[in-house]
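File shown: structure30.cif (mmCIF, C-alpha atoms).
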```cif
data_input
#
loop_
_atom_site.label_atom_id
_atom_site.label_comp_id
_atom_site.auth_asym_id
_atom_site.auth_seq_id
_atom_site.Cartn_x
_atom_site.Cartn_y
_atom_site.Cartn_z
CA MET A 1 -135.76 32.75 -143.80
CA SER A 2 -136.81 29.20 -143.29
CA PHE A 3 -134.58 26.19 -143.13
CA THR A 4 -135.40 22.68 -144.26
CA PRO A 5 -134.96 19.73 -141.88
CA GLU A 6 -132.03 18.63 -144.11
CA GLN A 7 -130.35 22.02 -143.63
CA ASN A 8 -130.98 21.84 -139.89
CA ASN A 9 -129.37 18.40 -139.80
CA ALA A 10 -126.35 19.71 -141.72
CA VAL A 11 -125.91 22.49 -139.13
CA CYS A 12 -125.96 19.90 -136.32
CA ILE A 13 -123.45 17.64 -138.06
CA GLU A 14 -121.09 20.58 -138.62
CA PHE A 15 -121.49 21.77 -135.02
CA PHE A 16 -120.90 18.43 -133.33
CA GLU A 17 -118.13 17.17 -135.66
CA SER A 18 -116.25 20.43 -135.37
CA ALA A 19 -116.60 20.45 -131.56
CA TRP A 20 -115.58 16.85 -130.91
CA ASN A 21 -113.13 16.16 -133.72
CA GLU A 22 -111.38 19.55 -133.77
CA GLY A 23 -112.17 21.11 -130.39
CA ASN A 24 -113.85 24.05 -132.09
CA VAL A 25 -117.24 24.91 -130.55
CA ARG A 26 -118.82 26.93 -133.37
CA GLU A 27 -120.65 29.70 -131.56
CA ASP A 28 -121.77 31.06 -134.93
CA LEU A 29 -124.03 27.97 -135.18
CA LEU A 30 -125.58 28.58 -131.74
CA SER A 31 -128.31 31.09 -131.06
CA GLU A 32 -127.28 33.67 -128.45
CA ASP A 33 -129.51 32.22 -125.76
CA ALA A 34 -128.99 28.56 -126.70
CA VAL A 35 -129.80 26.24 -123.79
CA ASP A 36 -128.26 22.84 -123.12
CA HIS A 37 -130.63 20.79 -120.94
CA SER A 38 -128.36 17.74 -120.62
CA GLN A 39 -127.33 16.57 -117.17
CA VAL A 40 -123.89 15.20 -118.02
CA GLY A 41 -121.58 15.14 -115.02
CA GLY A 42 -124.43 15.75 -112.59
CA LYS A 43 -125.15 19.19 -114.05
CA THR A 44 -128.65 20.32 -113.09
CA VAL A 45 -128.62 24.00 -114.08
CA SER A 46 -129.17 24.86 -117.74
CA GLU A 47 -127.42 28.16 -118.40
CA PRO A 48 -127.69 29.78 -121.80
CA GLY A 49 -124.60 30.04 -123.97
CA ALA A 50 -121.71 27.83 -125.03
CA GLY A 51 -119.93 27.66 -121.65
CA SER A 52 -121.07 24.26 -120.38
CA PHE A 53 -120.59 22.54 -123.74
CA LYS A 54 -117.11 24.05 -124.15
CA HIS A 55 -116.27 22.72 -120.70
CA ILE A 56 -117.48 19.18 -121.54
CA VAL A 57 -115.75 19.11 -124.93
CA GLY A 58 -112.54 20.48 -123.38
CA MET A 59 -112.64 17.91 -120.58
CA PHE A 60 -113.08 14.93 -122.91
CA ARG A 61 -110.62 16.19 -125.53
CA HIS A 62 -108.04 16.62 -122.75
CA ALA A 63 -108.70 13.04 -121.63
CA MET A 64 -108.82 11.64 -125.18
CA PRO A 65 -106.98 13.94 -127.62
CA ASP A 66 -107.70 11.51 -130.50
CA VAL A 67 -111.45 11.50 -129.81
CA LYS A 68 -113.60 10.92 -132.89
CA LEU A 69 -117.34 11.39 -133.26
CA THR A 70 -119.41 8.91 -135.26
CA ILE A 71 -123.04 9.80 -135.90
CA GLU A 72 -124.84 6.46 -136.14
CA ASP A 73 -128.37 7.63 -136.83
CA GLU A 74 -129.92 10.93 -137.90
CA ILE A 75 -133.66 11.58 -137.59
CA TYR A 76 -135.00 15.03 -138.42
CA THR A 77 -138.30 16.69 -139.07
CA ALA A 78 -139.64 20.24 -138.76
CA ASP A 79 -137.36 22.14 -136.33
CA LYS A 80 -135.89 19.06 -134.56
CA VAL A 81 -132.86 16.89 -135.22
CA VAL A 82 -132.01 13.70 -133.31
CA HIS A 83 -128.56 12.14 -133.50
CA ARG A 84 -127.58 8.78 -132.03
CA TRP A 85 -123.82 8.99 -131.71
CA ARG A 86 -120.65 7.44 -130.41
CA LEU A 87 -117.32 8.93 -129.31
CA ASN A 88 -114.20 6.79 -129.53
CA GLY A 89 -110.85 7.78 -128.12
CA THR A 90 -107.75 6.70 -126.21
CA ASP A 91 -107.60 7.78 -122.57
CA THR A 92 -104.13 9.33 -122.44
CA GLY A 93 -105.05 12.39 -120.35
CA GLY A 94 -107.32 10.98 -117.63
CA VAL A 95 -111.12 11.10 -117.51
CA MET A 96 -112.92 13.16 -114.83
CA GLY A 97 -109.81 13.68 -112.72
CA MET A 98 -108.73 10.04 -112.81
CA PRO A 99 -105.22 8.99 -113.87
CA PRO A 100 -104.91 8.10 -117.59
CA SER A 101 -105.93 4.47 -118.15
CA GLY A 102 -104.44 4.16 -121.64
CA LYS A 103 -107.66 2.34 -122.62
CA SER A 104 -109.65 2.74 -125.81
CA LEU A 105 -112.95 4.16 -124.57
CA THR A 106 -116.40 4.44 -126.12
CA LEU A 107 -119.06 6.89 -125.00
CA THR A 108 -122.52 6.63 -126.55
CA GLY A 109 -125.50 8.93 -126.42
CA THR A 110 -128.56 10.36 -128.10
CA THR A 111 -129.14 14.09 -128.53
CA THR A 112 -132.25 16.01 -129.54
CA VAL A 113 -131.68 19.49 -130.97
CA ARG A 114 -134.19 22.28 -131.63
CA LEU A 115 -133.16 24.76 -134.29
CA GLN A 116 -134.33 28.28 -134.88
CA ASP A 117 -133.39 30.31 -137.96
CA GLY A 118 -130.69 27.80 -138.86
CA LYS A 119 -129.00 27.89 -135.46
CA ILE A 120 -129.02 25.53 -132.50
CA ALA A 121 -131.44 26.88 -129.90
CA GLU A 122 -131.92 23.99 -127.47
CA ARG A 123 -130.28 20.62 -126.81
CA TRP A 124 -131.21 17.58 -124.75
CA ALA A 125 -128.57 14.84 -124.49
CA ASN A 126 -128.53 11.44 -122.82
CA VAL A 127 -125.03 10.07 -122.36
CA ASP A 128 -124.03 6.62 -121.10
CA GLU A 129 -121.84 7.85 -118.26
CA LEU A 130 -122.26 4.61 -116.33
CA GLY A 131 -120.95 2.65 -119.33
CA LEU A 132 -117.87 4.88 -119.38
CA LEU A 133 -117.23 4.32 -115.66
CA GLN A 134 -117.59 0.56 -116.24
CA GLN A 135 -114.98 0.64 -119.01
CA LEU A 136 -112.65 2.49 -116.62
CA GLY A 137 -113.24 -0.24 -114.03
CA VAL A 138 -114.65 2.25 -111.52
CA VAL A 139 -117.97 0.37 -111.20
CA PRO A 140 -118.78 -3.25 -112.10
CA PRO A 141 -120.85 -4.10 -115.20
CA PRO A 142 -124.60 -4.55 -114.54
CA PRO A 143 -126.02 -8.03 -114.01
CA GLY A 144 -127.12 -9.51 -117.32
CA ALA A 145 -124.98 -7.15 -119.40
CA PRO A 146 -122.82 -8.59 -122.17
CA GLY A 147 -119.56 -9.69 -120.58
CA ALA A 148 -120.95 -9.44 -117.05
CA MET B 1 -153.15 9.73 -141.70
CA SER B 2 -149.52 9.32 -142.75
CA VAL B 3 -147.46 6.32 -141.67
CA GLN B 4 -145.43 8.67 -139.45
CA GLU B 5 -148.56 9.90 -137.65
CA GLU B 6 -149.78 6.31 -137.26
CA ASN B 7 -146.39 5.26 -135.87
CA LYS B 8 -146.43 8.18 -133.42
CA ALA B 9 -149.85 7.06 -132.21
CA VAL B 10 -148.53 3.51 -131.59
CA VAL B 11 -145.57 4.82 -129.59
CA ARG B 12 -147.87 7.11 -127.61
CA ARG B 13 -149.87 4.01 -126.64
CA TYR B 14 -146.59 2.38 -125.57
CA TRP B 15 -145.94 5.17 -123.06
CA LEU B 16 -149.41 6.20 -121.94
CA GLU B 17 -151.42 2.96 -122.09
CA LEU B 18 -148.82 0.21 -121.66
CA TRP B 19 -146.59 1.87 -119.07
CA ASN B 20 -148.83 4.46 -117.38
CA GLU B 21 -152.03 2.40 -117.36
CA LYS B 22 -150.05 -0.87 -116.89
CA ARG B 23 -152.00 -2.58 -119.65
CA GLY B 24 -149.72 -5.53 -120.40
CA GLU B 25 -152.33 -7.04 -122.70
CA LEU B 26 -151.50 -4.29 -125.23
CA LEU B 27 -148.02 -5.69 -125.85
CA ASP B 28 -149.18 -7.94 -128.69
CA GLU B 29 -151.01 -5.06 -130.37
CA ILE B 30 -148.20 -2.52 -130.37
CA ALA B 31 -144.99 -4.59 -130.57
CA ILE B 32 -143.68 -7.83 -132.00
CA GLU B 33 -142.68 -10.51 -129.49
CA ASP B 34 -138.94 -10.24 -130.16
CA VAL B 35 -138.29 -6.50 -130.24
CA VAL B 36 -134.58 -5.93 -130.98
CA PHE B 37 -133.09 -3.88 -128.13
CA HIS B 38 -130.03 -1.65 -128.29
CA PHE B 39 -129.13 -0.72 -124.72
CA PRO B 40 -126.21 1.47 -123.71
CA ASP B 41 -123.48 -0.71 -122.18
CA GLY B 42 -124.14 0.98 -118.85
CA GLN B 43 -127.88 0.35 -118.83
CA ALA B 44 -128.64 -1.01 -115.32
CA HIS B 45 -131.52 -3.23 -116.43
CA GLN B 46 -131.10 -5.11 -119.73
CA PRO B 47 -134.05 -7.50 -119.97
CA PRO B 48 -134.20 -10.01 -122.85
CA THR B 49 -137.71 -9.10 -124.04
CA LEU B 50 -140.12 -6.20 -123.83
CA ARG B 51 -142.58 -8.41 -121.92
CA LYS B 52 -139.91 -9.29 -119.37
CA TRP B 53 -138.94 -5.62 -119.13
CA PHE B 54 -142.52 -4.60 -118.44
CA GLU B 55 -142.98 -7.34 -115.81
CA THR B 56 -139.72 -6.80 -113.92
CA ALA B 57 -139.98 -2.99 -114.02
CA LEU B 58 -143.46 -3.16 -112.50
CA ILE B 59 -142.20 -5.38 -109.67
CA ALA B 60 -139.50 -2.82 -108.83
CA PHE B 61 -141.44 0.37 -109.65
CA PRO B 62 -145.19 -0.42 -109.71
CA ASP B 63 -146.23 3.25 -109.66
CA VAL B 64 -143.95 4.33 -112.52
CA HIS B 65 -145.44 7.25 -114.43
CA PHE B 66 -144.02 8.59 -117.67
CA GLN B 67 -144.32 12.03 -119.15
CA LEU B 68 -143.74 12.51 -122.86
CA HIS B 69 -141.90 15.77 -123.58
CA ASP B 70 -141.21 15.47 -127.28
CA GLU B 71 -142.16 13.12 -130.10
CA LEU B 72 -141.09 13.19 -133.70
CA ALA B 73 -141.28 10.77 -136.59
CA GLU B 74 -139.37 10.38 -139.83
CA GLY B 75 -139.33 7.40 -142.18
CA ASP B 76 -139.98 4.27 -140.12
CA LYS B 77 -138.63 5.77 -136.87
CA VAL B 78 -140.23 7.56 -133.94
CA VAL B 79 -138.25 9.40 -131.26
CA SER B 80 -139.60 10.02 -127.74
CA ARG B 81 -138.03 12.29 -125.16
CA TRP B 82 -139.46 11.25 -121.80
CA SER B 83 -139.12 11.38 -118.04
CA TYR B 84 -140.58 9.27 -115.27
CA VAL B 85 -141.17 9.37 -111.55
CA ALA B 86 -141.51 6.15 -109.56
CA THR B 87 -141.07 4.59 -106.13
CA ASN B 88 -138.84 1.55 -105.69
CA THR B 89 -141.19 -0.65 -103.67
CA GLY B 90 -140.05 -4.05 -105.03
CA GLU B 91 -136.91 -6.00 -105.80
CA PHE B 92 -134.65 -4.49 -108.48
CA LEU B 93 -131.45 -6.05 -109.88
CA GLY B 94 -131.52 -8.61 -107.09
CA ARG B 95 -131.68 -5.95 -104.40
CA PRO B 96 -134.53 -5.50 -101.91
CA ALA B 97 -136.87 -2.52 -102.19
CA THR B 98 -135.42 0.78 -101.00
CA HIS B 99 -138.81 2.59 -100.89
CA LEU B 100 -136.99 5.58 -102.35
CA PRO B 101 -138.52 7.91 -104.95
CA VAL B 102 -136.59 7.91 -108.22
CA THR B 103 -136.73 9.88 -111.43
CA ASP B 104 -135.04 9.48 -114.78
CA ARG B 105 -135.14 10.96 -118.25
CA GLY B 106 -134.15 9.71 -121.64
CA ILE B 107 -134.50 9.68 -125.40
CA ASP B 108 -135.64 6.46 -127.08
CA ILE B 109 -135.70 5.70 -130.80
CA PHE B 110 -138.29 3.21 -132.06
CA ARG B 111 -138.42 1.51 -135.46
CA LEU B 112 -141.81 0.28 -136.57
CA GLU B 113 -142.99 -2.17 -139.20
CA ASN B 114 -146.65 -2.64 -140.10
CA GLY B 115 -147.79 -0.57 -137.12
CA LYS B 116 -145.74 -2.48 -134.54
CA ILE B 117 -142.55 -1.68 -132.65
CA VAL B 118 -139.77 -3.96 -133.94
CA GLU B 119 -136.57 -2.28 -132.74
CA MET B 120 -135.61 0.13 -129.95
CA TRP B 121 -132.52 2.20 -129.14
CA VAL B 122 -132.61 3.27 -125.50
CA ALA B 123 -130.73 6.20 -123.91
CA GLN B 124 -131.36 6.91 -120.25
CA ASP B 125 -129.38 7.79 -117.15
CA SER B 126 -128.64 4.58 -115.26
CA LEU B 127 -125.83 6.28 -113.32
CA GLY B 128 -128.30 8.79 -111.89
CA LEU B 129 -130.83 6.04 -111.13
CA LEU B 130 -128.32 3.89 -109.23
CA GLN B 131 -127.14 6.97 -107.32
CA GLN B 132 -130.70 7.83 -106.32
CA MET B 133 -131.17 4.25 -105.08
CA GLY B 134 -127.94 4.41 -103.08
CA VAL B 135 -126.37 1.57 -105.11
CA LEU B 136 -123.58 3.90 -106.26
CA PRO B 137 -122.24 6.97 -104.44
CA ALA B 138 -123.47 10.30 -105.80
#
```
Written as structure tokens, that's how I'd like the structure from this file.
Amino acid sequence: MSFTPEQNNAVCIEFFESAWNEGNVREDLLSEDAVDHSQVGGKTVSEPGAGSFKHIVGMFRHAMPDVKLTIEDEIYTADKVVHRWRLNGTDTGGVMGMPPSGKSLTLTGTTTVRLQDGKIAERWANVDELGLLQQLGVVPPPPGAPGA
Amino acid sequence: MSVQEENKAVVRRYWLELWNEKRGELLDEIAIEDVVFHFPDGQAHQPPTLRKWFETALIAFPDVHFQLHDELAEGDKVVSRWSYVATNTGEFLGRPATHLPVTDRGIDIFRLENGKIVEMWVAQDSLGLLQQMGVLPA
């Protein structure tokens, strides 16, 4: 069975929207040995399975129960899908062990996905963690940045 | 050759010839003067132009070397997944050289018009970079 790039993109949209907006990590859309190569939160080991992603989604949905994913760009060809995305939410639960700030927060990132047989097999994500820490006032904005 | 393959070739020159071979004279060939940048808010270095970016990055990290791990093209866009290794032997963000080795990885989206880069969306790990340079605690 072969899947078109459009079908692959639809799988990714369903997977990420369901995870972030509803807290439901759809393991039926992941291949059994799916690997997440992203280094969010200082993670350096890429273990197969849904564990690390469930942890990240759970952590951010606890911090921002109203979190909403917006996919701002979708680029797909052959077995790859790239999403440029943004998460918006209100920090009522506390991010990364910090007390709740009550602030409206934005987290942006870009994710590349490789699909196999209509399921997510590999993911690489870059997330603007420094931008999030700046919004929380933990680190100052960079020189030359808007508002700096 | 399709437009997508041509665009991929331009972006490959951006990484391998401009950045790795430090051939600043290629800028006019592969990009317009006023490339529109979209940086993450937390990007440590947000230069106003690609030329300025190239110049200031090479002061801070003159030995920077990129590796291209993935490239794909659709429509007028090209996506590169990359990593680099470099040594901070010059001033960066107003701070003196640390002489520390640094590495980073990211995914950049390029939009091209008439065979030139006109717009870029950058996603890299500035938090990790600043931690490696000792600017922020790890």
Residues within 12 Å of Arg95 of chain B, only C-alpha atoms, excluding chain neighbours under 2 positions, as a PyMOL selection string:
(chain A and resi 143) or (chain B and resi 59-60+88-93+97-99+130+133-135)
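Among the candidates A:Lys68, A:Phe60, A:Leu30, A:Ser2, the residue lying nearest to Glu17 of chain A is A:Lys68 (atoms considered: only C-alpha atoms).
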*asked:* Need the shell around Arg114 of chain A: protein/DNA/RNA residues with any atom at most 7 Å away, counting only C-alpha atoms. Skip same-chain ones fewer than 5 positions apart. Format as an NGL selection string?
replied: :A and (79-81 or 120-123)
**Prompt:** What lies within 10 Å of Val35 of chain B using all atoms listed in the file, ignoring chain neighbours under 6 positions off, as a list in words?
**Reply:** Pro48, Thr49, Leu50, Arg51, Phe110, Arg111, Leu112, Lys116, Ile117, Val118, Glu119 and Met120 of chain B
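In this structure, atom CA of Trp124 of chain A sits 5.5 Å away from atom CA of Thr111 of chain A.
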- Written as a PyMOL selection string, what is the full residue list that the PyMOL selection byres ((chain B and resi 29) around 12) yields on the file shown? chain B and resi 10-11+13-14+17-18+23-28+30-33+114-118
Exercise. In the coordinate frame of the file, compute which residues have an atom within 9 Å of (-124.1, 4.7, -116.9) when using all atoms listed in the file, and state them as JSON, numbers by chain.
Key: {"A": [127, 128, 129, 130, 131, 132, 133, 134], "B": [40, 41, 42, 43, 44, 124, 125, 126, 127, 128, 129, 130]}
If you count all atoms listed in the file, the residue of B:Phe37, B:Val79, B:Val64, B:Leu72 closest to Asp104 of chain B turns out to be B:Val64
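If you look at atom CA of Pro47 of chain B and atom CA of Gly94 of chain B, they are 13.2 Å away from each other.
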Q) Near Arg84 of chain A, within 10 Å and counting only C-alpha atoms, which residues show up once chain neighbours fewer than 2 positions away are dropped, as an MDAnalysis selection string? A) (chainID A and resid 70:75 82 86 108:112 125:126) or (chainID B and resid 107:109 121:123)
query = Of the candidates B:Glu113, B:Leu68, B:Glu55, B:Phe39, which one gets nearest to chain A if we count all atoms listed in the file?
reply =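 Going through B:Glu113, B:Leu68, B:Glu55, B:Phe39 one by one, the smallest distance to chain A is for B:Phe39.
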Distance of atom CA of Gln4 of chain B from atom CA of Gly75 of chain B, expressed in Å to one decimal place: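 About the pair atom CA of Gly75 of chain B and atom CA of Gln4 of chain B: they are 6.8 Å apart.
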task = Fewer than 3 positions away in the same chain doesn't count, so skip those; otherwise give me all residues within 9 Å of Leu16 of chain B, counting only C-alpha atoms, as a list in words.
result =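 My reading of the contact set: Val11, Arg12, Arg13, Trp19, Asn20, Glu21, Lys22, His65, Phe66, Gln67 and Leu68 of chain B.
With all atoms listed in the file as the basis for measurement, A:Thr77 is the residue among A:Ser104, A:Thr77, A:Gly51, A:Val25 that approaches chain B most closely.
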For chain B, which residue among A:Ala78, A:Ile56, A:Leu115, A:Met64 is the nearest when counting all atoms listed in the file?
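With all atoms listed in the file as the atom set, the closest residue is A:Ala78.
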*Once the PyMOL selection byres ((chain B and resi 87) around 6) has been applied to the shown file, what residues remain in the selection, as a PyMOL selection string?*
chain B and resi 61+86+88-89+100-102
